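For reference, run35.txt is printed below; it contains compact mmCIF, C-alpha atoms.
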```txt
# COMPACT_ATOMS: atom_id res chain seq x y z
CA LEU A 1 -10.13 -5.08 2.40
CA VAL A 2 -13.45 -6.36 1.06
CA ALA A 3 -13.69 -3.29 -1.18
CA LEU A 4 -10.10 -3.81 -2.38
CA GLY A 5 -10.87 -7.44 -3.16
CA LEU A 6 -14.01 -6.62 -5.15
CA GLN A 7 -12.25 -3.85 -7.10
CA THR A 8 -9.28 -6.10 -7.89
CA LEU A 9 -11.58 -8.85 -9.15
CA PHE A 10 -13.58 -6.37 -11.24
CA PHE A 11 -10.55 -4.80 -12.91
CA SER A 12 -8.98 -8.20 -13.58
CA LEU A 13 -11.81 -9.07 -15.99
CA PRO A 14 -11.15 -8.94 -19.79
CA SER A 15 -11.71 -5.40 -20.99
CA GLN A 16 -10.25 -5.01 -24.48
CA LYS A 17 -9.70 -6.82 -27.77
CA VAL A 18 -6.24 -8.13 -28.66
CA GLY A 19 -5.61 -9.99 -31.93
CA GLY A 20 -9.29 -10.58 -32.54
CA GLY A 21 -9.95 -11.93 -29.03
CA LYS A 22 -10.42 -10.59 -25.55
CA ALA A 23 -7.32 -9.59 -23.61
CA LEU A 24 -6.95 -11.70 -20.49
CA MET A 25 -5.28 -10.53 -17.32
CA PRO A 26 -2.74 -12.89 -15.70
CA MET A 27 -4.08 -15.10 -12.94
CA ALA A 28 -2.33 -13.13 -10.15
CA PRO A 29 -4.89 -10.25 -9.95
CA LYS A 30 -7.77 -12.73 -9.65
CA LEU A 31 -5.98 -14.66 -6.92
CA ALA A 32 -5.15 -11.40 -5.12
CA GLY A 33 -8.78 -10.28 -5.29
CA VAL A 34 -9.99 -13.54 -3.74
CA CYS A 35 -7.35 -13.35 -0.99
CA TYR A 36 -8.27 -9.76 -0.12
CA LEU A 37 -11.95 -10.68 -0.09
CA PHE A 38 -11.52 -13.66 2.24
CA GLN A 39 -9.26 -11.76 4.62
CA GLY A 40 -11.61 -8.78 4.73
CA LEU A 41 -14.71 -10.90 5.30
CA ARG A 42 -12.96 -12.80 8.09
CA MET A 43 -11.98 -9.56 9.83
CA ALA A 44 -15.50 -8.14 9.37
CA ALA A 45 -17.03 -11.27 10.90
CA GLY A 46 -14.61 -11.08 13.83
CA ALA A 47 -15.46 -7.42 14.43
CA ALA A 48 -19.18 -8.21 14.34
CA LEU A 49 -18.75 -10.96 16.94
CA MET A 50 -16.71 -8.65 19.17
CA ALA A 51 -19.38 -5.96 18.90
CA LYS A 52 -22.09 -8.47 19.78
CA ALA A 53 -20.11 -9.55 22.85
CA GLY A 54 -19.79 -5.92 23.97
CA HIS A 55 -16.04 -5.54 23.49
CA PHE A 56 -16.45 -2.12 21.89
CA LYS A 57 -18.24 -0.54 24.86
CA GLU A 58 -14.86 0.69 26.05
CA ASP A 59 -11.51 1.32 24.39
CA LEU A 60 -9.54 -1.77 23.41
CA SER A 61 -6.23 -2.34 25.20
CA ARG A 62 -4.27 -1.29 22.09
CA TYR A 63 -5.81 2.19 22.26
CA LYS A 64 -5.61 2.48 26.05
CA TYR A 65 -1.92 1.74 25.83
CA GLN A 66 -1.49 4.51 23.27
CA TYR A 67 -2.89 7.31 25.43
CA GLU A 68 -2.17 5.92 28.90
CA HIS A 69 1.52 5.28 28.24
CA ARG A 70 2.94 6.39 24.89
CA TRP A 71 1.13 9.71 24.76
CA ALA A 72 1.31 10.28 28.52
CA LYS A 73 5.12 10.11 28.32
CA ARG A 74 4.97 12.98 25.82
CA GLY A 75 2.72 15.02 28.10
CA ILE A 76 -0.42 14.44 26.01
CA ARG A 77 -3.40 14.29 28.37
CA PRO A 78 -7.06 13.35 27.66
CA GLY A 79 -9.33 16.33 27.05
CA THR A 80 -6.61 18.56 25.64
CA ALA A 81 -6.24 19.83 22.08
CA ARG A 82 -3.00 17.84 21.73
CA PHE A 83 -4.88 14.67 22.71
CA LYS A 84 -7.54 15.24 20.03
CA LEU A 85 -4.83 15.98 17.47
CA ALA A 86 -2.96 12.80 18.43
CA GLN A 87 -6.17 10.80 18.01
CA GLN A 88 -6.71 12.19 14.51
CA MET A 89 -3.10 11.53 13.56
CA ASP A 90 -3.36 7.94 14.78
CA ILE A 91 -6.58 7.40 12.83
CA PHE A 92 -4.98 8.89 9.71
CA ALA A 93 -1.89 6.68 10.07
CA GLN A 94 -4.01 3.52 10.37
CA ALA A 95 -6.18 4.58 7.43
CA LEU A 96 -3.08 5.26 5.34
CA ALA A 97 -1.69 1.83 6.18
CA ASN A 98 -4.97 0.10 5.27
CA MET A 99 -5.88 2.06 2.14
CA GLY A 100 -2.33 2.81 0.98
CA THR A 101 0.32 0.31 1.97
CA LEU A 102 -1.94 -2.75 1.99
CA ALA A 103 -3.32 -1.86 -1.45
CA VAL A 104 0.12 -2.07 -3.10
CA PRO A 105 0.05 -5.84 -3.91
CA ALA A 106 -3.37 -5.49 -5.57
CA ALA A 107 -2.30 -2.44 -7.58
CA LEU A 108 0.90 -4.13 -8.76
CA THR A 109 -0.80 -7.35 -9.85
CA LEU A 110 -3.33 -5.31 -11.82
CA SER A 111 -0.49 -3.48 -13.58
CA SER A 112 0.66 -6.71 -15.26
CA PRO A 113 0.13 -6.55 -19.05
CA SER A 114 -2.84 -8.36 -20.57
CA THR A 115 -2.13 -11.51 -22.56
CA GLY A 116 -3.99 -13.78 -24.94
CA SER A 117 -4.23 -16.61 -22.41
CA VAL A 118 -4.36 -17.17 -18.71
CA ALA A 119 -1.52 -19.19 -17.20
CA VAL A 120 -0.88 -20.03 -13.57
CA ARG A 121 2.79 -19.43 -12.84
CA GLY A 122 4.89 -21.23 -10.28
CA ASN A 123 5.09 -18.03 -8.26
CA ASP A 124 1.28 -17.91 -8.16
CA VAL A 125 1.14 -21.45 -6.80
CA ALA A 126 3.79 -20.74 -4.13
CA ALA A 127 2.02 -17.53 -3.05
CA LEU A 128 -1.38 -19.26 -2.89
CA LEU A 129 0.05 -22.12 -0.82
CA LEU A 130 1.64 -19.67 1.61
CA TRP A 131 -1.59 -17.68 1.79
CA GLY A 132 -3.70 -20.79 2.45
CA LEU A 133 -1.34 -22.06 5.14
CA SER A 134 -1.19 -18.64 6.82
CA TYR A 135 -4.95 -18.13 6.62
CA TRP A 136 -5.54 -21.54 8.19
CA PHE A 137 -2.89 -20.91 10.87
CA GLU A 138 -4.48 -17.58 11.86
CA HIS A 139 -8.01 -18.99 11.91
CA ALA A 140 -7.00 -22.18 13.76
CA SER A 141 -5.16 -20.14 16.39
CA ASP A 142 -8.21 -17.97 17.00
CA MET A 143 -10.44 -21.04 17.25
CA GLN A 144 -8.05 -22.68 19.72
CA LYS A 145 -8.22 -19.60 21.93
CA GLN A 146 -12.01 -19.41 21.69
CA ARG A 147 -12.29 -23.07 22.65
CA TRP A 148 -9.98 -22.48 25.62
CA LEU A 149 -12.11 -19.49 26.72
CA ARG A 150 -15.29 -21.58 26.64
CA GLU A 151 -13.66 -24.37 28.65
CA ARG A 152 -12.17 -21.88 31.11
CA ARG A 153 -15.58 -20.31 31.82
CA ARG A 154 -17.07 -23.72 32.64
CA ALA A 155 -14.07 -25.09 34.55
CA ARG A 156 -13.91 -25.35 38.32
CA GLY A 157 -11.28 -26.48 40.80
CA GLU A 158 -8.43 -28.58 39.41
CA GLU A 159 -9.65 -28.21 35.84
CA ALA A 160 -9.56 -24.41 36.13
CA ALA A 161 -6.04 -24.60 37.56
CA ARG A 162 -4.95 -26.86 34.70
CA LEU A 163 -6.28 -24.48 32.06
CA GLY A 164 -4.55 -21.51 33.71
CA ALA A 165 -5.19 -17.80 33.29
CA PHE A 166 -4.33 -17.64 29.57
CA CYS A 167 -4.30 -19.95 26.57
CA GLN A 168 -1.25 -22.18 26.15
CA GLU A 169 -2.84 -24.83 23.96
CA GLY A 170 -2.21 -25.72 20.33
CA HIS A 171 -0.24 -23.08 18.47
CA TRP A 172 -0.11 -20.92 21.62
CA ARG A 173 2.50 -23.29 23.07
CA TYR A 174 5.02 -22.28 20.41
CA CYS A 175 4.55 -18.49 20.19
CA ARG A 176 2.54 -15.97 22.19
CA HIS A 177 0.64 -14.54 19.22
CA PRO A 178 0.20 -17.25 16.57
CA ASN A 179 -2.87 -15.50 15.12
CA TYR A 180 -0.75 -12.42 14.42
CA LEU A 181 1.90 -14.62 12.82
CA GLY A 182 -0.74 -16.12 10.54
CA GLU A 183 -2.00 -12.68 9.54
CA TRP A 184 1.55 -11.56 8.78
CA GLY A 185 1.99 -14.64 6.60
CA VAL A 186 -1.13 -13.68 4.62
CA TRP A 187 0.45 -10.34 3.69
CA CYS A 188 3.80 -11.96 2.91
CA ALA A 189 1.91 -14.22 0.48
CA LEU A 190 0.26 -11.25 -1.23
CA THR A 191 3.67 -9.58 -1.46
CA LEU A 192 5.06 -12.73 -3.09
CA LEU A 193 2.12 -12.78 -5.51
CA ALA A 194 2.98 -9.25 -6.68
CA LEU A 195 6.72 -9.88 -7.18
CA PRO A 196 6.51 -10.82 -10.90
CA ALA A 197 4.63 -7.60 -11.64
CA LEU A 198 7.28 -5.63 -9.76
CA ALA A 199 10.01 -7.44 -11.71
CA GLN A 200 8.35 -6.39 -14.96
CA HIS A 201 8.36 -2.76 -13.84
CA LEU A 202 11.99 -2.93 -12.75
CA GLY A 203 12.96 -4.46 -16.09
CA THR A 204 11.37 -1.76 -18.22
CA THR A 205 12.48 1.80 -18.84
CA ARG A 206 10.11 4.67 -19.54
CA GLY A 207 11.03 7.74 -21.55
CA GLN A 208 11.85 8.81 -25.09
CA SER A 209 12.30 6.09 -27.69
CA ALA A 210 15.50 5.77 -29.71
CA SER A 211 13.76 7.27 -32.74
CA GLN A 212 12.96 10.39 -30.73
CA PRO A 213 16.29 11.49 -29.21
CA SER A 214 16.09 14.10 -26.51
CA ALA A 215 18.51 16.65 -25.12
CA PRO A 216 21.07 15.34 -22.61
CA SER A 217 19.46 17.28 -19.77
CA SER A 218 16.03 15.90 -20.65
CA ALA A 219 17.39 12.35 -20.89
CA GLY A 220 18.95 12.75 -17.45
CA LEU A 221 15.65 13.88 -15.96
CA GLU A 222 13.82 10.98 -17.56
CA ALA A 223 16.38 8.51 -16.22
CA ALA A 224 16.11 9.99 -12.72
CA ALA A 225 12.31 9.87 -12.89
CA ASP A 226 12.44 6.24 -14.03
CA TRP A 227 14.74 5.27 -11.17
CA ALA A 228 12.48 7.14 -8.74
CA ARG A 229 9.44 5.26 -10.08
CA LYS A 230 11.16 1.92 -9.64
CA ALA A 231 12.33 2.83 -6.13
CA VAL A 232 8.80 3.84 -5.10
CA LEU A 233 7.31 0.61 -6.46
CA ALA A 234 9.96 -1.60 -4.85
CA GLY A 235 9.81 0.30 -1.55
CA GLY A 236 6.03 0.21 -1.57
CA LEU A 237 5.90 -3.56 -1.94
CA ALA A 238 8.68 -4.11 0.62
CA SER A 239 6.78 -1.93 3.09
CA VAL A 240 3.80 -4.32 3.15
CA PRO A 241 5.33 -7.12 5.31
CA LEU A 242 7.42 -4.59 7.25
CA THR A 243 4.42 -2.40 8.10
CA MET A 244 2.33 -5.39 9.13
CA TYR A 245 5.14 -6.78 11.29
CA LEU A 246 5.54 -3.46 13.13
CA CYS A 247 1.77 -3.11 13.47
CA LEU A 248 1.20 -6.64 14.78
CA THR A 249 4.11 -6.59 17.21
CA TRP A 250 4.66 -2.99 18.34
CA TRP A 251 2.01 -0.52 17.20
CA THR A 252 -1.42 -2.03 17.89
CA GLY A 253 -0.64 -5.69 18.50
CA ALA A 254 1.48 -7.69 20.90
CA VAL A 255 3.24 -5.00 22.95
CA PRO A 256 0.06 -3.12 24.04
CA ALA A 257 -1.82 -6.37 24.72
CA GLU A 258 0.97 -7.92 26.79
CA PHE A 259 1.41 -4.82 28.93
CA TYR A 260 -2.02 -5.46 30.44
CA SER A 261 -1.77 -9.27 30.31
CA LYS A 262 1.24 -9.16 32.65
CA GLN A 263 -0.87 -7.21 35.14
CA LYS A 264 -4.07 -9.26 34.90
CA ARG A 265 -2.95 -12.83 34.23
CA LYS A 266 -0.97 -14.81 36.76
CA GLY A 267 2.09 -16.46 35.24
CA TYR A 268 2.06 -14.43 32.04
CA ALA A 269 5.46 -12.87 32.76
CA GLU A 270 6.97 -16.37 33.02
CA TYR A 271 5.19 -17.33 29.79
CA MET A 272 6.90 -14.37 28.10
CA ASP A 273 10.28 -15.60 29.37
CA THR A 274 9.86 -19.07 27.89
CA VAL A 275 7.77 -18.63 24.73
CA PRO A 276 8.73 -16.23 21.90
CA MET A 277 6.40 -13.40 20.94
CA PHE A 278 6.06 -13.94 17.21
CA PHE A 279 8.20 -16.51 15.44
CA PRO A 280 7.84 -20.06 16.87
CA GLN A 281 10.80 -21.33 18.82
CA LEU A 282 11.85 -24.53 17.10
CA VAL A 283 15.08 -24.90 19.09
CA SER A 284 15.28 -24.57 22.85
CA PHE A 285 16.92 -21.36 24.06
CA LYS A 286 17.31 -19.76 27.44
CA GLY A 287 15.18 -16.66 27.86
CA GLY A 288 12.69 -17.41 25.09
CA SER A 289 11.26 -13.89 25.06
CA LYS A 290 14.53 -12.61 23.62
CA HIS A 291 14.00 -14.68 20.48
CA LYS A 292 11.12 -12.94 18.73
```
Take the structure in this file and express it as structure tokens.
Amino acid sequence: LVALGLQTLFFSLPSQKVGGGKALMPMAPKLAGVCYLFQGLRMAAGAALMAKAGHFKEDLSRYKYQYEHRWAKRGIRPGTARFKLAQQMDIFAQALANMGTLAVPAALTLSSPSTGSVAVRGNDVAALLLWGLSYWFEHASDMQKQRWLRERRRARGEEAARLGAFCQEGHWRYCRHPNYLGEWGVWCALTLLALPALAQHLGTTRGQSASQPSAPSSAGLEAAADWARKAVLAGGLASVPLTMYLCLTWWTGAVPAEFYSKQKRKGYAEYMDTVPMFFPQLVSFKGGSKHK
């Protein structure tokens, strides 16, 4: 993500002359580059802290869940050729998501045509506000959990009982994974930032000009290719929030983590029944875990 941010910022710089002056990219690519950079640096800092604390000395719960349950159900056992192949496929899928799907907003914003001036559009403001709110929500949720962990380590007796076996303070009272919700919001904001560029692509048609008529069969192929291009671009951008939602809830996020939390943390199953997994529960329902 840091590399994507730096590349987006670099390619958003003026690079050619238009009407006697330098062509200026719209503001969206610059905003996207900064957002990618901040998100990547935050994740890198978190990984460094986890490594320092020794969390990488054994497999994380998300990976244990993959081979102990999902792969085991398919008869894939550690030490076998199928297990090694499954590992490589999982690595490839995650790499594709990070370097492919998550790069779509940056690529689309960079595809916007250069102009003679830089203007901040209303869509840019809305996307930046959503990004800032989501970034803060994710960071604040992580800090709330870290503060709870520090207090829990020092607590004894009644104070330890009050704090419980897992964090239920701050944002964690309203959903079980508020940090994941914040991260998802960050990618929704980047998707929103790229929407005007997508709209420009959907509103243009590539192919032969009117002064260069082509054969009917050729025109049909060009039209099909143009529709395919638009479908790929629209599907690619739509896949960003969808992929992140599936990743944060099912693939490597909430589901694997909660499988072990139910086993290790007293009262976590009841917490799952009363507090939704992802989207905060603003209205009281019975069986909160059913309302994701």
Residues within 8 Å of Leu248 (chain A), please, as a PDB file with C-alpha atoms, in the coordinates of the input. Count all atoms listed in the file; anything in the same chain fewer than 6 positions from it doesn't count.
```
ATOM      1  CA  TYR A 180      -0.750 -12.420  14.420  1.00  0.00           C
ATOM      2  CA  TRP A 184       1.550 -11.560   8.780  1.00  0.00           C
ATOM      3  CA  ALA A 254       1.480  -7.690  20.900  1.00  0.00           C
TER       4      ALA A 254
END
```
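The space separating CA of Leu37 (chain A) from CA of Thr101 (chain A) comes to 16.6 Å.
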task = For region 68-72 of chain A, work out the shell of residues within 9 Å, counting all atoms listed in the file and skipping chain neighbours fewer than 6 positions away, then give it as a PyMOL selection string.
result = chain A and resi 78+83+86
ask   = So which residues touch Glu169 (chain A) within 8 Å, counting only C-alpha atoms, skipping near sequence neighbours fewer than 6 positions away, as an NGL selection string?
value = :A and (144-145 or 148)
Go ahead and dump the residues you just picked, C-alpha atoms, as an mmCIF file, in the frame of the given file.
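Writing the result to again.cif gives the following:
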```
data_model
loop_
_atom_site.group_PDB
_atom_site.id
_atom_site.type_symbol
_atom_site.label_atom_id
_atom_site.label_comp_id
_atom_site.auth_asym_id
_atom_site.auth_seq_id
_atom_site.Cartn_x
_atom_site.Cartn_y
_atom_site.Cartn_z
ATOM 1 C CA GLN A 144 -8.050 -22.680 19.720
ATOM 2 C CA LYS A 145 -8.220 -19.600 21.930
ATOM 3 C CA TRP A 148 -9.980 -22.480 25.620
#
```
query = Excluding same-chain residues fewer than 6 positions from Pro196 (chain A), what lies within 12 Å of it counting only C-alpha atoms, as an MDAnalysis selection string?
reply = chainID A and resid 26:29 105 108:113 121:124 127 190 202:203 234 237
Cys167 (chain A): which residues within 12 Å, counting only C-alpha atoms, same-chain residues fewer than 6 positions away excluded, as a tab-separated table (two decimals) with C-alpha atoms, in the coordinates of the input?
```
chain	number	residue	atom	x	y	z
A	141	SER	CA	-5.16	-20.14	16.39
A	142	ASP	CA	-8.21	-17.97	17.00
A	143	MET	CA	-10.44	-21.04	17.25
A	144	GLN	CA	-8.05	-22.68	19.72
A	145	LYS	CA	-8.22	-19.60	21.93
A	146	GLN	CA	-12.01	-19.41	21.69
A	147	ARG	CA	-12.29	-23.07	22.65
A	148	TRP	CA	-9.98	-22.48	25.62
A	149	LEU	CA	-12.11	-19.49	26.72
A	150	ARG	CA	-15.29	-21.58	26.64
A	151	GLU	CA	-13.66	-24.37	28.65
A	152	ARG	CA	-12.17	-21.88	31.11
A	160	ALA	CA	-9.56	-24.41	36.13
A	173	ARG	CA	2.50	-23.29	23.07
A	174	TYR	CA	5.02	-22.28	20.41
A	175	CYS	CA	4.55	-18.49	20.19
A	176	ARG	CA	2.54	-15.97	22.19
A	177	HIS	CA	0.64	-14.54	19.22
A	178	PRO	CA	0.20	-17.25	16.57
A	261	SER	CA	-1.77	-9.27	30.31
A	265	ARG	CA	-2.95	-12.83	34.23
A	266	LYS	CA	-0.97	-14.81	36.76
A	267	GLY	CA	2.09	-16.46	35.24
A	268	TYR	CA	2.06	-14.43	32.04
A	271	TYR	CA	5.19	-17.33	29.79
```
